[in-house]
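Novice: File follows, target-v6.csv with CSV, C-alpha atoms:
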```
chain,number,residue,atom,x,y,z
V,29,MET,CA,-8.4,-23.1,-16.7
V,30,MET,CA,-8.7,-21.9,-20.3
V,31,LYS,CA,-5.9,-19.6,-21.5
V,32,MET,CA,-7.3,-16.6,-23.4
V,33,LYS,CA,-5.7,-13.6,-25.0
V,34,TYR,CA,-6.7,-10.1,-23.8
V,35,LYS,CA,-6.4,-6.6,-25.3
V,36,TYR,CA,-4.7,-4.3,-22.8
V,37,SER,CA,-2.2,-1.6,-22.6
V,38,ARG,CA,0.6,-0.6,-20.2
V,39,GLU,CA,-1.9,1.9,-18.8
V,40,THR,CA,-4.0,-1.2,-17.8
V,41,VAL,CA,-1.0,-2.6,-16.0
V,42,ALA,CA,-0.6,0.8,-14.2
V,43,LEU,CA,-4.4,0.7,-13.3
V,44,PHE,CA,-4.1,-2.9,-11.9
V,45,ALA,CA,-1.1,-1.7,-9.8
V,46,ALA,CA,-3.2,1.3,-8.5
V,47,LEU,CA,-5.9,-1.2,-7.6
V,48,CYS,CA,-3.4,-3.3,-5.7
V,49,ILE,CA,-2.3,-0.2,-3.8
V,50,PHE,CA,-5.9,0.8,-3.2
V,51,LEU,CA,-6.8,-2.6,-1.8
V,52,SER,CA,-3.7,-2.6,0.4
V,53,THR,CA,-4.7,0.8,1.8
V,54,ILE,CA,-8.2,-0.7,2.6
V,55,GLU,CA,-6.5,-3.6,4.3
V,56,TYR,CA,-4.2,-1.3,6.2
V,57,MET,CA,-7.3,0.3,7.7
V,58,ILE,CA,-8.7,-3.0,8.9
V,59,PRO,CA,-7.5,-3.7,12.5
V,60,LYS,CA,-5.8,-7.0,12.8
V,61,PRO,CA,-6.1,-9.1,16.0
V,62,VAL,CA,-2.6,-10.5,15.4
V,63,PRO,CA,0.1,-9.0,13.2
V,64,PHE,CA,0.4,-11.9,10.7
V,65,LEU,CA,-3.3,-12.2,10.1
V,66,ARG,CA,-3.4,-10.5,6.7
V,67,LEU,CA,-6.1,-10.9,4.1
V,68,GLY,CA,-3.7,-10.2,1.3
V,69,LEU,CA,-6.4,-8.2,-0.6
V,70,ALA,CA,-3.7,-6.4,-2.6
V,71,ASN,CA,-2.8,-9.7,-4.2
V,72,LEU,CA,-6.2,-10.0,-5.8
V,73,PRO,CA,-5.4,-8.0,-9.0
V,74,LEU,CA,-2.1,-9.9,-9.2
V,75,ILE,CA,-3.9,-13.3,-9.2
V,76,ILE,CA,-6.3,-12.1,-11.9
V,77,SER,CA,-3.4,-10.7,-13.9
V,78,ILE,CA,-1.8,-14.2,-14.1
V,79,ALA,CA,-4.6,-15.2,-16.5
V,80,VAL,CA,-4.7,-11.9,-18.4
V,81,PHE,CA,-1.2,-10.3,-18.7
V,82,SER,CA,2.0,-11.5,-20.4
V,83,PRO,CA,4.8,-12.7,-18.0
V,84,ARG,CA,6.7,-9.5,-18.6
V,85,ASP,CA,3.7,-7.4,-17.7
V,86,ILE,CA,3.1,-9.5,-14.6
V,87,PHE,CA,6.6,-8.7,-13.4
V,88,LEU,CA,6.1,-5.1,-14.2
V,89,LEU,CA,2.9,-5.2,-12.1
V,90,VAL,CA,4.7,-6.8,-9.2
V,91,ILE,CA,7.4,-4.1,-9.3
V,92,LEU,CA,4.8,-1.3,-9.6
V,93,LYS,CA,2.7,-2.8,-6.8
V,94,ALA,CA,5.7,-3.1,-4.4
V,95,VAL,CA,7.2,0.3,-5.1
V,96,GLY,CA,3.7,2.0,-5.2
V,97,GLN,CA,2.7,0.4,-2.0
V,98,GLY,CA,6.0,1.6,-0.5
V,99,PHE,CA,5.2,5.2,-1.4
V,100,ILE,CA,1.5,5.3,-0.6
V,101,ASN,CA,1.7,3.3,2.7
V,102,GLY,CA,4.8,5.1,3.7
V,103,THR,CA,6.9,1.9,4.0
V,104,LEU,CA,9.4,2.5,1.3
V,105,PHE,CA,12.2,2.9,3.8
V,106,SER,CA,11.2,0.3,6.3
V,107,TYR,CA,11.6,-3.5,6.5
V,108,ILE,CA,8.0,-3.8,5.6
V,109,PHE,CA,8.9,-2.8,2.1
V,110,LEU,CA,11.5,-5.6,1.9
V,111,PHE,CA,9.0,-8.2,3.1
V,112,SER,CA,6.3,-6.9,0.8
V,113,ALA,CA,8.5,-6.7,-2.3
V,114,ALA,CA,10.1,-10.2,-1.7
V,115,GLY,CA,6.6,-11.7,-1.0
V,116,SER,CA,5.1,-10.2,-4.1
V,117,LEU,CA,8.0,-11.1,-6.3
V,118,VAL,CA,8.2,-14.8,-5.2
V,119,SER,CA,4.4,-15.2,-5.2
V,120,GLY,CA,4.3,-13.7,-8.8
V,121,LEU,CA,7.1,-16.1,-9.9
V,122,VAL,CA,5.4,-19.2,-8.3
V,123,MET,CA,1.9,-18.3,-9.6
V,124,LEU,CA,3.2,-17.7,-13.1
V,125,GLY,CA,5.2,-21.0,-12.9
V,126,VAL,CA,2.2,-23.2,-11.8
V,127,PHE,CA,-0.1,-21.4,-14.2
V,128,TYR,CA,2.1,-22.2,-17.2
V,129,LEU,CA,3.1,-25.6,-15.9
V,130,PHE,CA,-0.4,-26.9,-15.1
V,131,GLY,CA,-2.4,-24.8,-17.6
V,132,ARG,CA,-6.0,-26.1,-17.8
V,133,ARG,CA,-5.5,-28.5,-14.8
V,134,ILE,CA,-5.3,-25.6,-12.3
V,135,SER,CA,-7.8,-23.0,-11.3
V,136,LEU,CA,-7.1,-19.5,-10.0
V,137,ILE,CA,-7.8,-20.9,-6.5
V,138,GLY,CA,-4.9,-23.3,-6.9
V,139,VAL,CA,-2.7,-20.6,-8.4
V,140,SER,CA,-3.6,-18.3,-5.4
V,141,ILE,CA,-2.7,-21.0,-2.9
V,142,PHE,CA,0.7,-21.8,-4.5
V,143,GLY,CA,1.4,-18.0,-4.7
V,144,ALA,CA,0.6,-17.5,-1.0
V,145,LEU,CA,2.7,-20.5,0.0
V,146,GLY,CA,5.7,-19.0,-1.9
V,147,SER,CA,5.1,-15.6,-0.5
V,148,ASN,CA,4.8,-16.9,3.1
V,149,MET,CA,7.9,-19.1,2.8
V,150,ILE,CA,10.1,-16.2,1.7
V,151,GLN,CA,8.6,-13.9,4.4
V,152,LEU,CA,9.3,-16.6,7.1
V,153,TYR,CA,12.8,-16.9,5.8
V,154,LEU,CA,13.3,-13.1,6.0
V,155,SER,CA,11.7,-13.1,9.5
V,156,LYS,CA,14.2,-15.7,10.5
V,157,VAL,CA,17.2,-13.7,9.2
V,158,PHE,CA,16.1,-10.2,10.2
V,159,ILE,CA,13.7,-10.4,13.2
V,160,PHE,CA,12.9,-13.6,15.1
V,161,GLY,CA,15.9,-15.9,14.5
V,162,SER,CA,15.1,-19.6,15.2
V,163,ALA,CA,11.9,-18.5,17.1
V,164,VAL,CA,10.3,-18.2,13.7
V,165,LYS,CA,9.2,-21.9,14.1
V,166,TYR,CA,6.6,-20.8,16.6
V,167,ILE,CA,4.9,-18.3,14.3
V,168,ALA,CA,5.3,-20.4,11.2
V,169,PRO,CA,2.3,-22.8,11.7
V,170,PRO,CA,-0.4,-20.1,12.3
V,171,PHE,CA,1.2,-17.9,9.6
V,172,LEU,CA,1.0,-20.7,7.0
V,173,ILE,CA,-2.5,-21.8,8.0
V,174,THR,CA,-3.8,-18.2,7.8
V,175,GLY,CA,-2.0,-17.8,4.5
V,176,PHE,CA,-3.7,-20.9,3.2
V,177,VAL,CA,-7.2,-19.9,4.3
V,178,THR,CA,-6.9,-16.3,3.0
V,179,SER,CA,-5.4,-17.4,-0.3
V,180,LEU,CA,-8.3,-19.9,-0.7
V,181,VAL,CA,-10.8,-17.1,-0.2
V,182,LEU,CA,-8.9,-14.7,-2.5
V,183,GLY,CA,-8.5,-17.3,-5.2
V,184,PHE,CA,-12.3,-18.0,-5.0
V,185,PHE,CA,-13.0,-14.2,-5.5
V,186,ALA,CA,-10.5,-14.0,-8.4
V,187,SER,CA,-11.9,-17.1,-10.0
V,188,GLU,CA,-15.5,-15.8,-9.8
V,189,PHE,CA,-14.4,-12.4,-11.1
V,190,PHE,CA,-12.7,-14.2,-14.0
V,191,TYR,CA,-15.8,-15.9,-15.1
V,192,ARG,CA,-18.3,-13.1,-14.4
V,193,SER,CA,-16.4,-10.0,-15.5
V,194,ARG,CA,-17.8,-7.9,-18.3
V,195,TRP,CA,-14.5,-6.1,-18.7
V,196,LEU,CA,-12.6,-9.4,-19.3
V,197,LYS,CA,-15.2,-10.5,-21.8
V,198,ALA,CA,-14.9,-7.3,-23.7
V,199,ALA,CA,-11.1,-7.5,-23.7
V,200,GLU,CA,-11.0,-11.1,-25.0
V,201,TYR,CA,-9.8,-11.5,-28.6
V,202,GLY,CA,-8.7,-15.2,-28.9
V,203,VAL,CA,-7.4,-18.4,-27.4
E,17,MET,CA,-7.3,27.3,3.5
E,18,ARG,CA,-4.7,25.8,1.2
E,19,TYR,CA,-1.1,26.7,1.0
E,20,ALA,CA,0.5,27.1,-2.4
E,21,PRO,CA,-1.7,24.8,-4.4
E,22,GLU,CA,0.3,25.5,-7.6
E,23,ILE,CA,3.4,23.8,-6.4
E,24,LYS,CA,5.2,21.8,-9.1
E,25,PRO,CA,4.7,18.1,-8.3
E,26,GLU,CA,8.3,17.3,-8.8
E,27,HIS,CA,9.3,20.0,-6.3
E,28,LEU,CA,6.7,18.8,-3.8
E,29,PHE,CA,8.0,15.2,-4.1
E,30,THR,CA,11.7,16.3,-3.8
E,31,GLY,CA,11.1,18.4,-0.7
E,32,TRP,CA,9.2,15.7,1.2
E,33,PHE,CA,11.6,13.0,0.0
E,34,ILE,CA,14.4,14.9,1.7
E,35,PHE,CA,12.2,15.1,4.8
E,36,LEU,CA,11.7,11.3,5.0
E,37,PRO,CA,15.0,10.4,6.6
E,38,LEU,CA,14.8,13.3,9.0
E,39,PHE,CA,11.5,11.8,10.2
E,40,LEU,CA,12.4,8.2,9.9
E,41,PHE,CA,15.7,8.3,11.9
E,42,GLN,CA,14.3,10.6,14.7
E,43,THR,CA,14.1,8.7,17.9
E,44,SER,CA,12.9,11.4,20.3
E,45,LEU,CA,9.3,10.9,21.1
E,46,SER,CA,8.5,14.5,21.7
E,47,VAL,CA,10.1,15.5,18.3
E,48,ARG,CA,8.2,12.7,16.6
E,49,ILE,CA,4.9,14.0,18.0
E,50,PHE,CA,5.8,17.5,16.8
E,51,GLN,CA,6.8,16.2,13.3
E,52,THR,CA,3.6,14.1,12.9
E,53,VAL,CA,1.4,17.0,14.0
E,54,CYS,CA,3.2,19.3,11.4
E,55,VAL,CA,2.8,16.7,8.6
E,56,ILE,CA,-0.9,16.2,9.3
E,57,ALA,CA,-1.4,20.0,9.6
E,58,LEU,CA,0.3,20.6,6.2
E,59,PHE,CA,-1.6,17.7,4.7
E,60,ILE,CA,-4.9,19.4,5.7
E,61,LEU,CA,-3.6,22.8,4.5
E,62,ARG,CA,-3.0,21.2,1.1
E,63,GLY,CA,-6.8,20.7,0.9
E,64,LYS,CA,-6.6,16.9,1.3
E,65,ARG,CA,-9.2,15.0,3.3
E,66,PHE,CA,-8.1,13.8,6.7
E,67,LYS,CA,-10.0,11.1,8.5
E,68,ILE,CA,-9.4,10.8,12.2
E,69,LEU,CA,-11.0,7.5,13.0
E,70,PRO,CA,-8.7,5.2,10.9
E,71,ASN,CA,-5.7,7.0,12.5
E,72,ILE,CA,-7.1,6.5,16.0
E,73,LEU,CA,-7.6,2.8,15.2
E,74,LEU,CA,-4.1,2.5,13.9
E,75,PHE,CA,-2.6,4.4,16.8
E,76,THR,CA,-4.5,2.4,19.5
E,77,GLY,CA,-3.9,-0.9,17.6
E,78,ILE,CA,-0.1,-0.5,17.3
E,79,THR,CA,0.2,0.9,20.8
E,80,ALA,CA,-1.9,-1.9,22.3
E,81,ALA,CA,0.2,-4.6,20.4
E,82,HIS,CA,3.4,-3.1,22.0
E,83,LEU,CA,1.8,-3.1,25.4
E,84,LEU,CA,1.3,-6.9,25.1
E,85,ARG,CA,5.0,-7.3,25.5
E,86,PRO,CA,5.8,-5.6,28.9
E,87,ALA,CA,9.1,-3.7,29.1
E,88,GLY,CA,10.4,-1.3,31.7
E,89,GLU,CA,8.8,0.3,34.6
E,90,VAL,CA,5.1,-0.6,35.4
E,91,LEU,CA,3.1,2.7,35.2
E,92,LEU,CA,-0.4,1.2,36.0
E,93,THR,CA,-2.4,-2.0,35.7
E,94,VAL,CA,-5.6,-2.2,33.6
E,95,PHE,CA,-7.7,-5.3,34.0
E,96,GLY,CA,-4.7,-7.2,35.2
E,97,MET,CA,-2.5,-6.1,32.3
E,98,PRO,CA,0.6,-4.1,33.2
E,99,ILE,CA,1.1,-0.9,31.3
E,100,THR,CA,4.9,-0.5,31.1
E,101,LYS,CA,6.7,2.7,30.2
E,102,ASP,CA,9.1,1.4,27.6
E,103,ALA,CA,6.4,-0.6,25.8
E,104,LEU,CA,4.1,2.5,25.8
E,105,VAL,CA,6.8,4.8,24.5
E,106,SER,CA,7.8,2.3,21.8
E,107,GLY,CA,4.2,1.7,20.8
E,108,VAL,CA,3.3,5.4,20.6
E,109,SER,CA,6.5,6.2,18.7
E,110,ARG,CA,6.0,3.4,16.2
E,111,SER,CA,2.4,4.3,15.6
E,112,LEU,CA,3.2,7.9,15.1
E,113,LEU,CA,6.0,6.9,12.7
E,114,LEU,CA,3.6,4.8,10.6
E,115,ILE,CA,0.9,7.5,10.6
E,116,GLY,CA,3.4,10.2,9.8
E,117,LEU,CA,4.9,8.2,6.9
E,118,VAL,CA,1.5,7.6,5.4
E,119,TYR,CA,0.8,11.4,5.3
E,120,VAL,CA,4.3,12.2,4.1
E,121,SER,CA,3.7,9.8,1.2
E,122,ARG,CA,0.3,11.2,0.5
E,123,ILE,CA,1.3,14.9,0.7
E,124,SER,CA,4.4,14.3,-1.5
E,125,ILE,CA,2.6,12.4,-4.3
E,126,SER,CA,0.4,14.1,-6.8
E,127,SER,CA,-1.4,12.6,-9.7
E,128,ARG,CA,0.7,14.9,-12.0
E,129,LEU,CA,4.0,13.7,-10.6
E,130,LEU,CA,6.5,12.8,-13.4
E,131,LEU,CA,9.5,10.9,-12.2
E,132,PRO,CA,12.3,10.7,-14.8
E,133,GLY,CA,12.5,7.8,-17.3
E,134,ARG,CA,9.9,5.3,-18.6
E,135,GLY,CA,9.6,3.7,-15.2
E,136,GLY,CA,9.0,7.0,-13.6
E,137,GLN,CA,6.2,7.8,-16.1
E,138,LEU,CA,4.6,4.5,-15.4
E,139,LEU,CA,4.8,5.0,-11.7
E,140,GLY,CA,3.2,8.5,-12.2
E,141,SER,CA,0.3,6.7,-14.0
E,142,VAL,CA,-0.1,4.3,-11.0
E,143,PHE,CA,-0.4,7.3,-8.6
E,144,PHE,CA,-2.8,9.1,-11.0
E,145,TYR,CA,-5.1,6.0,-11.1
E,146,PHE,CA,-4.8,5.5,-7.4
E,147,GLU,CA,-5.9,9.0,-6.7
E,148,ARG,CA,-8.8,8.6,-9.1
E,149,ILE,CA,-9.9,5.3,-7.6
E,150,THR,CA,-9.9,6.7,-4.1
E,151,GLU,CA,-12.2,9.6,-5.4
E,152,ILE,CA,-14.8,7.2,-6.8
E,153,ARG,CA,-17.8,6.6,-4.5
E,154,TYR,CA,-18.9,3.0,-4.2
E,155,GLY,CA,-22.1,3.4,-2.1
E,156,ASN,CA,-24.3,2.7,-5.1
E,157,ILE,CA,-22.9,-0.8,-5.6
E,158,TRP,CA,-25.0,-1.9,-2.7
E,159,GLU,CA,-28.1,0.1,-3.6
E,160,LYS,CA,-29.7,-2.5,-5.8
E,161,LYS,CA,-33.2,-3.8,-5.6
E,162,GLY,CA,-33.4,-7.2,-4.0
E,163,ARG,CA,-30.5,-9.2,-2.6
E,164,VAL,CA,-27.1,-8.6,-4.1
E,165,SER,CA,-24.4,-11.2,-3.4
E,166,LEU,CA,-21.0,-10.2,-2.3
E,167,ILE,CA,-19.5,-11.8,-5.4
E,168,ASN,CA,-21.8,-9.8,-7.7
E,169,ALA,CA,-21.1,-6.6,-5.8
E,170,PHE,CA,-17.4,-7.3,-5.9
E,171,THR,CA,-17.3,-8.1,-9.6
E,172,LYS,CA,-19.3,-5.0,-10.5
E,173,TYR,CA,-17.0,-2.9,-8.3
E,174,LEU,CA,-13.8,-4.2,-10.1
E,175,ASP,CA,-15.5,-4.0,-13.5
E,176,ASP,CA,-16.6,-0.4,-12.9
E,177,ILE,CA,-13.0,0.6,-12.2
E,178,LEU,CA,-11.6,-1.3,-15.2
E,179,PHE,CA,-14.2,0.2,-17.5
E,180,LEU,CA,-13.2,3.6,-16.3
E,181,SER,CA,-9.7,3.0,-17.5
E,182,ASP,CA,-10.3,4.3,-21.0
E,183,ASN,CA,-11.6,7.7,-19.9
E,184,LEU,CA,-8.9,7.9,-17.2
E,185,SER,CA,-6.2,7.2,-19.8
E,186,GLU,CA,-7.4,10.3,-21.8
E,187,GLU,CA,-7.5,12.3,-18.6
E,188,ARG,CA,-4.0,11.1,-17.7
E,189,THR,CA,-2.6,12.2,-21.1
E,190,LEU,CA,-4.3,15.6,-20.6
E,191,SER,CA,-2.9,16.0,-17.1
E,192,VAL,CA,0.6,15.2,-18.3
E,193,ARG,CA,0.3,17.8,-21.1
E,194,GLN,CA,-0.9,20.4,-18.6
E,195,ASN,CA,2.0,19.6,-16.2
E,196,ARG,CA,3.9,22.9,-16.9
E,197,TYR,CA,4.2,24.6,-13.6
E,198,PRO,CA,6.7,27.2,-12.7
E,199,GLY,CA,8.7,26.1,-9.6
E,200,ASN,CA,7.1,27.6,-6.5
E,201,LYS,CA,9.5,29.8,-4.6
E,202,ARG,CA,7.1,30.2,-1.7
E,203,TYR,CA,7.1,26.4,-1.3
E,204,TRP,CA,10.9,26.3,-1.0
E,205,MET,CA,10.9,29.4,1.2
E,206,PHE,CA,8.9,27.4,3.7
E,207,MET,CA,10.4,24.0,3.0
E,208,ILE,CA,14.1,24.9,3.2
E,209,PRO,CA,13.9,26.3,6.8
E,210,PHE,CA,11.5,23.4,7.7
E,211,LEU,CA,14.0,20.8,6.5
E,212,MET,CA,16.9,22.6,8.2
E,213,PHE,CA,15.0,22.8,11.4
E,214,ASN,CA,14.2,19.1,11.3
E,215,GLY,CA,17.8,18.3,10.3
E,216,THR,CA,19.0,20.3,13.4
E,217,LEU,CA,16.5,18.3,15.6
E,218,LEU,CA,17.9,15.1,14.2
E,219,ILE,CA,21.5,16.1,14.9
E,220,LEU,CA,20.7,17.3,18.4
E,221,ASN,CA,19.0,14.0,19.1
E,222,TYR,CA,22.0,12.0,18.0
E,223,LEU,CA,24.2,14.3,20.1
E,224,LYS,CA,21.9,13.4,23.1
E,225,TYR,CA,20.7,16.9,23.6
E,226,LEU,CA,17.1,15.9,23.2
```
As structure tokens, what does this structure read like?
Specialist:
Amino acid sequence: MMKMKYKYSRETVALFAALCIFLSTIEYMIPKPVPFLRLGLANLPLIISIAVFSPRDIFLLVILKAVGQGFINGTLFSYIFLFSAAGSLVSGLVMLGVFYLFGRRISLIGVSIFGALGSNMIQLYLSKVFIFGSAVKYIAPPFLITGFVTSLVLGFFASEFFYRSRWLKAAEYGV
Amino acid sequence: MRYAPEIKPEHLFTGWFIFLPLFLFQTSLSVRIFQTVCVIALFILRGKRFKILPNILLFTGITAAHLLRPAGEVLLTVFGMPITKDALVSGVSRSLLLIGLVYVSRISISSRLLLPGRGGQLLGSVFFYFERITEIRYGNIWEKKGRVSLINAFTKYLDDILFLSDNLSEERTLSVRQNRYPGNKRYWMFMIPFLMFNGTLLILNYLKYL
């Protein structure tokens, strides 16, 4: 996809982080039939930010998202925070890596799938170390399949937003 | 009724931050029920909106998930599924902990909160925007003539929030400038005994008196 430059400020990064937290709160309210079935709505602004922000601001967004979610959802002192922070950090790193590596040859859908894969892998590793031990192999297949499907949907939404957004068009200032 | 609405945000945050471990490490179910009820009552007294349905869904969802893994004495059987004592206690305790932590976070965080340093300022901005986003009503997104696709509605929704950012930035600057509260003695007169009481409950629990 085309790399554009956008006008934004640190306040925009804070707004994106607030949007992540808001979406995570919405997701928190949606009952899940199984614990690992997450939509990952909170990652949507993060996926969009890959094409908009500088790498430094993307990492700032990841940190603000993780800490902010910890405060708002009340998970700052629980293992959920560790999983969420590690997942966000690795997914941010992977998405940034593939976006800069493949450039025009990858869409936000592809970026999203790679990001989810990175996030799921680190969360499975943490599950193995802290919760399930070797039994993690039983939850890994459904966890990874769910992650793939939801990241596909999220990537599609992010991609559509990227091409339709009036805000992004207004913020563009060059290639 | 609201209690002490002019509390300095930093004081509010500090008080509830101290409360967090007293709540988190409490293992007695009866004390946890008491603490959760207190937190929700104080949240309502602060004039914040409390919705019961999401909490009921959360409570039943987590408790039901725990009941799927039977543990301890069988209390009764519902549609062939055994309801076991340990699983029920663990599920109720876990769900109350999660619900309570959400309200502790929500009661302790104000849009005018200023944590020290640049990172603290930025985090304050995040909370400010979060509060503003939650106050926006999105019903009109769907009130369009004809069929509106989910993608269009979603794009409009995100765009509306992002376009609001300029106005919100000005409002944020203003709110930071107005953040000159005197510390609220009444708040600490309530909070110190409340924290001491909860600290005592925690100690009693660890000494196996509860």
Novice: Show me which bits of chain E are within 8 Å of chain V, counting all atoms listed in the file, as a PyMOL selection string.
Specialist: chain E and resi 70+73-74+77+114+117-122+138-139+141-143+145-146+149-150+167+170-172+175+178-179+181+185
Novice: What does the distance between CA of Gln151 (chain V) and CA of Ser112 (chain V) come to in Å, to one decimal place?
Specialist: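 Going from CA of Gln151 (chain V) over to CA of Ser112 (chain V), I get 8.2 Å.
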Novice: Kindly indicate which residue among E:Leu130, E:Leu45, E:Ile123, E:Ala57 lies nearest to Val108 (chain E), using all atoms listed in the file for the distances.
Specialist: E:Leu45
Novice: Tell me which protein, DNA and RNA residues are within 9 Å of region 165-169 of chain V, counting all atoms listed in the file, leaving out same-chain ones fewer than 6 positions away, and put them as an MDAnalysis selection string.
Specialist: chainID V and resid 64 148:149 152 156
Novice: Go ahead and save the residues from that selection, with C-alpha atoms, as an mmCIF file, in the coordinates of the input.
Specialist:
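Listing of out_26.cif after writing:
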```cif
data_model
loop_
_atom_site.group_PDB
_atom_site.id
_atom_site.type_symbol
_atom_site.label_atom_id
_atom_site.label_comp_id
_atom_site.auth_asym_id
_atom_site.auth_seq_id
_atom_site.Cartn_x
_atom_site.Cartn_y
_atom_site.Cartn_z
ATOM 1 C CA PHE V 64 0.400 -11.900 10.700
ATOM 2 C CA ASN V 148 4.800 -16.900 3.100
ATOM 3 C CA MET V 149 7.900 -19.100 2.800
ATOM 4 C CA LEU V 152 9.300 -16.600 7.100
ATOM 5 C CA LYS V 156 14.200 -15.700 10.500
#
```
